[in-house]
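Student: Below you will find the structure I want to go over with you.
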Amino acid sequence: MENSEEARELKTEEKIKHRFHVLAVDDSQIDRKLLERLLTVSSYQVTCVESGDKALEYLGLLDIQEDNEYETPSLSTASKPQVSKINLIITDYNMPGITGYDLLKRVKDSSWKDVPVVVMSSENVPSRINKCMEGGAEEFLLKPVTLSDLSKLHSNLLNSITHYPPCDKDEQEDQDDKEDAIVNSVVNSNKRKATSSEPSERRPRVKELHVA
């Protein structure tokens, strides 16, 4: 009976994860492909763009003059540029033009401010990490990113599942009801685990880890 309950909870978790849409931003094609593969293996929906400009354009935050022709962003999925929702943004710090920190600040000053932003870097610079965390980043990951790193982001995704861009009021309420039912299912599952006789191991958040 216990195994059956755990199987149902695991299935629910996988269904919820599959609904999460992650926007990954990195100017390195190799790092971008690696991140896309890791996110896909982790059952997340993922869209990859190669610059901060493309990310802002995808989110509708880039001012584009009507009389200027521009190229449609090169996306890793068949999604249209006008996205319905984003649950997490993962961005590299060092990028030409708009850096990961610039992107973080633009997102936090926009209608997407409630979406968690995770910043990545191959350089371990404490001042850079502190600046991003103070600027509103949820986590700061050192590259290369691993599956273990992604597993620690799941709680951030749960916090963002009900965030949508402005839309019709009735449509928004309908979406909220559906998402609330999903979140409540997970919360009740976590409560059962917390009252279990066997203590569960708590995964440390990345920003609580000491940087060597």
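Here's how to read the names in the structure tokens: chain A, B, ... by the order shown, residue numbers from 1 in each chain, ligand numbers from 1 in the order shown.
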Do a neighbour search on stretch 128-131 of chain A at 10 Å with only C-alpha atoms, toss out local chain neighbours closer than 2 positions, and write the hits as a PyMOL selection string.
Tutor: chain A and resi 93+101+119-121+123-126+133-137+139-142+207+211
Student: Would you mind exporting N, CA and C atoms of the selected residues as an mmCIF file, in the first residue's frame?
Tutor:
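Generated output (again-v7.cif):
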data_model
loop_
_atom_site.group_PDB
_atom_site.id
_atom_site.type_symbol
_atom_site.label_atom_id
_atom_site.label_comp_id
_atom_site.auth_asym_id
_atom_site.auth_seq_id
_atom_site.Cartn_x
_atom_site.Cartn_y
_atom_site.Cartn_z
ATOM 1 N N TYR A 93 25.940 34.438 -16.907
ATOM 2 C CA TYR A 93 26.291 35.791 -16.455
ATOM 3 C C TYR A 93 27.059 36.536 -17.536
ATOM 4 N N TYR A 101 23.257 39.608 -15.553
ATOM 5 C CA TYR A 101 22.823 40.518 -14.486
ATOM 6 C C TYR A 101 21.858 41.558 -15.044
ATOM 7 N N VAL A 119 21.133 32.485 -12.075
ATOM 8 C CA VAL A 119 22.276 32.954 -12.841
ATOM 9 C C VAL A 119 23.383 31.909 -12.784
ATOM 10 N N MET A 120 24.049 31.681 -13.921
ATOM 11 C CA MET A 120 25.141 30.712 -13.997
ATOM 12 C C MET A 120 26.431 31.428 -14.383
ATOM 13 N N SER A 121 27.554 30.856 -13.958
ATOM 14 C CA SER A 121 28.851 31.388 -14.381
ATOM 15 C C SER A 121 29.920 30.322 -14.198
ATOM 16 N N GLU A 123 32.931 31.246 -13.662
ATOM 17 C CA GLU A 123 33.899 31.916 -12.805
ATOM 18 C C GLU A 123 33.345 32.087 -11.401
ATOM 19 N N ASN A 124 34.134 31.690 -10.424
ATOM 20 C CA ASN A 124 33.715 31.768 -9.032
ATOM 21 C C ASN A 124 34.163 33.114 -8.446
ATOM 22 N N VAL A 125 33.319 34.129 -8.599
ATOM 23 C CA VAL A 125 33.645 35.479 -8.131
ATOM 24 C C VAL A 125 32.624 35.883 -7.060
ATOM 25 N N PRO A 126 33.022 35.891 -5.772
ATOM 26 C CA PRO A 126 32.089 36.200 -4.682
ATOM 27 C C PRO A 126 31.335 37.510 -4.862
ATOM 28 N N MET A 133 22.602 37.914 -6.182
ATOM 29 C CA MET A 133 21.666 37.526 -5.137
ATOM 30 C C MET A 133 20.935 38.750 -4.591
ATOM 31 N N GLU A 134 21.657 39.859 -4.410
ATOM 32 C CA GLU A 134 21.036 41.091 -3.934
ATOM 33 C C GLU A 134 20.122 41.689 -4.994
ATOM 34 N N GLY A 135 20.391 41.372 -6.266
ATOM 35 C CA GLY A 135 19.565 41.886 -7.355
ATOM 36 C C GLY A 135 18.290 41.097 -7.583
ATOM 37 N N GLY A 136 18.107 40.012 -6.825
ATOM 38 C CA GLY A 136 16.861 39.251 -6.917
ATOM 39 C C GLY A 136 16.986 37.847 -7.456
ATOM 40 N N ALA A 137 18.205 37.383 -7.739
ATOM 41 C CA ALA A 137 18.385 36.013 -8.233
ATOM 42 C C ALA A 137 18.020 35.005 -7.147
ATOM 43 N N GLU A 139 19.064 31.742 -7.266
ATOM 44 C CA GLU A 139 20.237 30.889 -7.084
ATOM 45 C C GLU A 139 21.367 31.387 -7.971
ATOM 46 N N PHE A 140 22.573 30.990 -7.642
ATOM 47 C CA PHE A 140 23.734 31.251 -8.494
ATOM 48 C C PHE A 140 24.470 29.919 -8.628
ATOM 49 N N LEU A 141 24.525 29.397 -9.842
ATOM 50 C CA LEU A 141 25.128 28.096 -10.091
ATOM 51 C C LEU A 141 26.472 28.237 -10.784
ATOM 52 N N LEU A 142 27.410 27.400 -10.384
ATOM 53 C CA LEU A 142 28.698 27.356 -11.061
ATOM 54 C C LEU A 142 28.625 26.332 -12.191
ATOM 55 N N LYS A 207 22.265 28.595 -2.833
ATOM 56 C CA LYS A 207 22.786 29.831 -2.307
ATOM 57 C C LYS A 207 23.190 29.729 -0.844
ATOM 58 N N VAL A 211 30.941 28.876 -0.974
ATOM 59 C CA VAL A 211 31.728 28.874 -2.215
ATOM 60 C C VAL A 211 33.202 28.758 -1.871
#
Student: Could you pull the residues within 10 Å of A:Lys113, counting only C-alpha atoms, minus those fewer than 5 positions along the same chain, as JSON, numbers by chain?
Tutor: {"A": [104, 105, 106, 107, 108, 136, 163]}
Student: Could those residues be written to a file, using N, CA, C and O atoms, as a tab-separated table (two decimals), in the first residue's frame?
Tutor:
chain	number	residue	atom	x	y	z
A	104	LEU	N	18.57	39.92	-15.50
A	104	LEU	CA	17.95	39.74	-14.19
A	104	LEU	C	17.23	41.02	-13.76
A	104	LEU	O	16.07	40.98	-13.33
A	105	LYS	N	17.91	42.16	-13.88
A	105	LYS	CA	17.33	43.43	-13.45
A	105	LYS	C	16.12	43.80	-14.31
A	105	LYS	O	15.12	44.29	-13.78
A	106	ARG	N	16.20	43.55	-15.61
A	106	ARG	CA	15.07	43.87	-16.49
A	106	ARG	C	13.85	43.02	-16.15
A	106	ARG	O	12.72	43.50	-16.16
A	107	VAL	N	14.09	41.75	-15.87
A	107	VAL	CA	12.99	40.85	-15.52
A	107	VAL	C	12.34	41.27	-14.21
A	107	VAL	O	11.11	41.32	-14.09
A	108	LYS	N	13.16	41.60	-13.21
A	108	LYS	CA	12.64	41.96	-11.89
A	108	LYS	C	11.93	43.31	-11.89
A	108	LYS	O	11.18	43.62	-10.96
A	136	GLY	N	18.11	40.01	-6.82
A	136	GLY	CA	16.86	39.25	-6.92
A	136	GLY	C	16.99	37.85	-7.46
A	136	GLY	O	15.98	37.15	-7.63
A	163	HIS	N	2.20	31.87	-11.94
A	163	HIS	CA	2.49	33.15	-12.57
A	163	HIS	C	2.23	33.11	-14.07
A	163	HIS	O	2.78	32.28	-14.76
Student: Pick out the residues sitting within 10 Å of A:Glu36, and hand them over as a PyMOL selection string; count only C-alpha atoms, and ignore anything fewer than 3 positions along from it in its own chain.
Tutor: chain A and resi 22-25+30-33+39-42+44-48+76
Student: Could you take the residues named above and write them with all heavy atoms, as a compact mmCIF listing (two decimals), in the first residue's frame?
Tutor:
# COMPACT_ATOMS: atom_id res chain seq x y z
N VAL A 22 10.88 26.33 -18.82
CA VAL A 22 12.11 27.01 -18.46
C VAL A 22 12.70 27.73 -19.67
O VAL A 22 12.81 27.15 -20.75
CB VAL A 22 13.16 25.99 -17.92
CG1 VAL A 22 14.44 26.72 -17.52
CG2 VAL A 22 12.59 25.22 -16.73
N LEU A 23 13.05 28.99 -19.48
CA LEU A 23 13.73 29.76 -20.52
C LEU A 23 15.22 29.77 -20.18
O LEU A 23 15.62 30.30 -19.14
CB LEU A 23 13.19 31.20 -20.58
CG LEU A 23 13.88 32.14 -21.57
CD1 LEU A 23 13.72 31.62 -23.00
CD2 LEU A 23 13.33 33.56 -21.45
N ALA A 24 16.04 29.15 -21.03
CA ALA A 24 17.49 29.06 -20.80
C ALA A 24 18.21 30.01 -21.74
O ALA A 24 17.96 30.01 -22.94
CB ALA A 24 17.96 27.62 -21.02
N VAL A 25 19.12 30.81 -21.17
CA VAL A 25 19.82 31.83 -21.95
C VAL A 25 21.33 31.64 -21.82
O VAL A 25 21.86 31.70 -20.70
CB VAL A 25 19.44 33.25 -21.48
CG1 VAL A 25 19.98 34.30 -22.44
CG2 VAL A 25 17.94 33.38 -21.29
N ILE A 30 27.56 25.18 -26.90
CA ILE A 30 27.83 23.93 -26.18
C ILE A 30 27.12 23.92 -24.84
O ILE A 30 26.44 22.96 -24.47
CB ILE A 30 29.35 23.74 -25.98
CG1 ILE A 30 30.05 23.56 -27.34
CG2 ILE A 30 29.62 22.55 -25.07
CD1 ILE A 30 31.56 23.45 -27.25
N ASP A 31 27.27 25.02 -24.08
CA ASP A 31 26.62 25.10 -22.77
C ASP A 31 25.10 25.12 -22.91
O ASP A 31 24.38 24.57 -22.08
CB ASP A 31 27.08 26.35 -22.02
CG ASP A 31 28.53 26.26 -21.57
OD1 ASP A 31 29.05 25.13 -21.52
OD2 ASP A 31 29.14 27.31 -21.30
N ARG A 32 24.62 25.76 -23.96
CA ARG A 32 23.19 25.85 -24.19
C ARG A 32 22.60 24.47 -24.48
O ARG A 32 21.55 24.10 -23.96
CB ARG A 32 22.91 26.80 -25.35
CG ARG A 32 21.49 27.30 -25.44
CD ARG A 32 21.38 28.52 -26.34
NE ARG A 32 21.80 28.27 -27.71
CZ ARG A 32 22.85 28.85 -28.28
NH1 ARG A 32 23.60 29.70 -27.60
NH2 ARG A 32 23.16 28.59 -29.55
N LYS A 33 23.29 23.70 -25.31
CA LYS A 33 22.83 22.35 -25.64
C LYS A 33 22.87 21.44 -24.42
O LYS A 33 21.98 20.61 -24.21
CB LYS A 33 23.69 21.77 -26.76
CG LYS A 33 23.47 22.40 -28.12
CD LYS A 33 22.06 22.13 -28.63
CE LYS A 33 21.87 22.68 -30.03
NZ LYS A 33 20.47 22.46 -30.51
N LEU A 39 17.70 19.74 -18.79
CA LEU A 39 16.33 20.13 -18.47
C LEU A 39 15.32 19.17 -19.09
O LEU A 39 14.31 18.83 -18.47
CB LEU A 39 16.08 21.56 -18.96
CG LEU A 39 16.77 22.67 -18.17
CD1 LEU A 39 16.73 23.99 -18.94
CD2 LEU A 39 16.12 22.83 -16.80
N THR A 40 15.59 18.72 -20.32
CA THR A 40 14.70 17.79 -20.99
C THR A 40 14.68 16.45 -20.26
O THR A 40 13.62 15.85 -20.05
CB THR A 40 15.13 17.58 -22.45
OG1 THR A 40 15.13 18.84 -23.12
CG2 THR A 40 14.17 16.63 -23.16
N VAL A 41 15.86 15.97 -19.87
CA VAL A 41 15.96 14.72 -19.12
C VAL A 41 15.20 14.83 -17.79
O VAL A 41 14.62 13.86 -17.30
CB VAL A 41 17.44 14.35 -18.86
CG1 VAL A 41 17.55 13.22 -17.85
CG2 VAL A 41 18.11 13.95 -20.16
N SER A 42 15.19 16.05 -17.22
CA SER A 42 14.49 16.28 -15.95
C SER A 42 13.00 16.51 -16.13
O SER A 42 12.31 16.90 -15.19
CB SER A 42 15.11 17.49 -15.24
OG SER A 42 16.48 17.27 -14.96
N TYR A 44 11.39 18.81 -17.89
CA TYR A 44 10.92 20.18 -18.02
C TYR A 44 10.76 20.55 -19.49
O TYR A 44 11.49 20.07 -20.35
CB TYR A 44 11.93 21.16 -17.39
CG TYR A 44 12.12 20.98 -15.91
CD1 TYR A 44 13.39 20.72 -15.38
CD2 TYR A 44 11.05 21.10 -15.04
CE1 TYR A 44 13.56 20.55 -14.02
CE2 TYR A 44 11.22 20.93 -13.67
CZ TYR A 44 12.48 20.66 -13.17
OH TYR A 44 12.66 20.50 -11.82
N GLN A 45 9.80 21.43 -19.77
CA GLN A 45 9.72 22.04 -21.08
C GLN A 45 10.80 23.12 -21.13
O GLN A 45 10.97 23.86 -20.17
CB GLN A 45 8.35 22.67 -21.30
CG GLN A 45 7.19 21.69 -21.28
CD GLN A 45 5.86 22.39 -21.51
OE1 GLN A 45 5.75 23.27 -22.35
NE2 GLN A 45 4.85 22.00 -20.75
N VAL A 46 11.52 23.21 -22.21
CA VAL A 46 12.63 24.17 -22.26
C VAL A 46 12.68 24.89 -23.59
O VAL A 46 12.45 24.30 -24.64
CB VAL A 46 13.98 23.46 -21.99
CG1 VAL A 46 14.19 22.31 -22.95
CG2 VAL A 46 15.15 24.43 -22.09
N THR A 47 12.93 26.18 -23.51
CA THR A 47 13.18 27.00 -24.68
C THR A 47 14.53 27.67 -24.49
O THR A 47 14.79 28.26 -23.43
CB THR A 47 12.09 28.08 -24.84
OG1 THR A 47 10.84 27.45 -25.11
CG2 THR A 47 12.44 29.04 -25.98
N CYS A 48 15.42 27.53 -25.46
CA CYS A 48 16.76 28.11 -25.37
C CYS A 48 16.92 29.28 -26.34
O CYS A 48 16.49 29.20 -27.49
CB CYS A 48 17.83 27.05 -25.68
SG CYS A 48 18.01 25.79 -24.40
N SER A 76 14.78 26.69 -29.43
CA SER A 76 15.05 25.26 -29.47
C SER A 76 13.77 24.44 -29.56
O SER A 76 13.81 23.24 -29.67
CB SER A 76 15.82 24.85 -28.21
OG SER A 76 15.02 25.04 -27.07
Student: Which distance in Å separates atom CA of A:Lys143 and atom CA of A:Pro116, to one decimal?
Tutor: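 According to the coordinates, atom CA of A:Lys143 and atom CA of A:Pro116 are separated by 18.5 Å.
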Student: Tell me which of A:Ser122, A:Ser111, A:Leu38, A:Ile98 sits closest to A:Leu150, counting only C-alpha atoms.
Tutor: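 Of A:Ser122, A:Ser111, A:Leu38, A:Ile98, the one nearest A:Leu150, counting only C-alpha atoms, is A:Leu38.
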Student: For A:Val118, which residue among A:Arg37, A:Lys152, A:Arg19, A:Lys54 is the nearest when counting only C-alpha atoms?
Tutor: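 Ranked by minimum distance to A:Val118, first place goes to A:Lys152.
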Student: If I take atom CA of A:Tyr58 and atom CA of A:Gln29, how far is one from the other in Å, to one decimal?
Tutor: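 Atom CA of A:Gln29 lies at a distance of 18.1 Å from atom CA of A:Tyr58.
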Student: Between atom CA of A:Leu34 and atom CA of A:Ile90, what distance in Å does the model show, to one decimal?
Tutor: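 Separation between atom CA of A:Leu34 and atom CA of A:Ile90: 12.8 Å.
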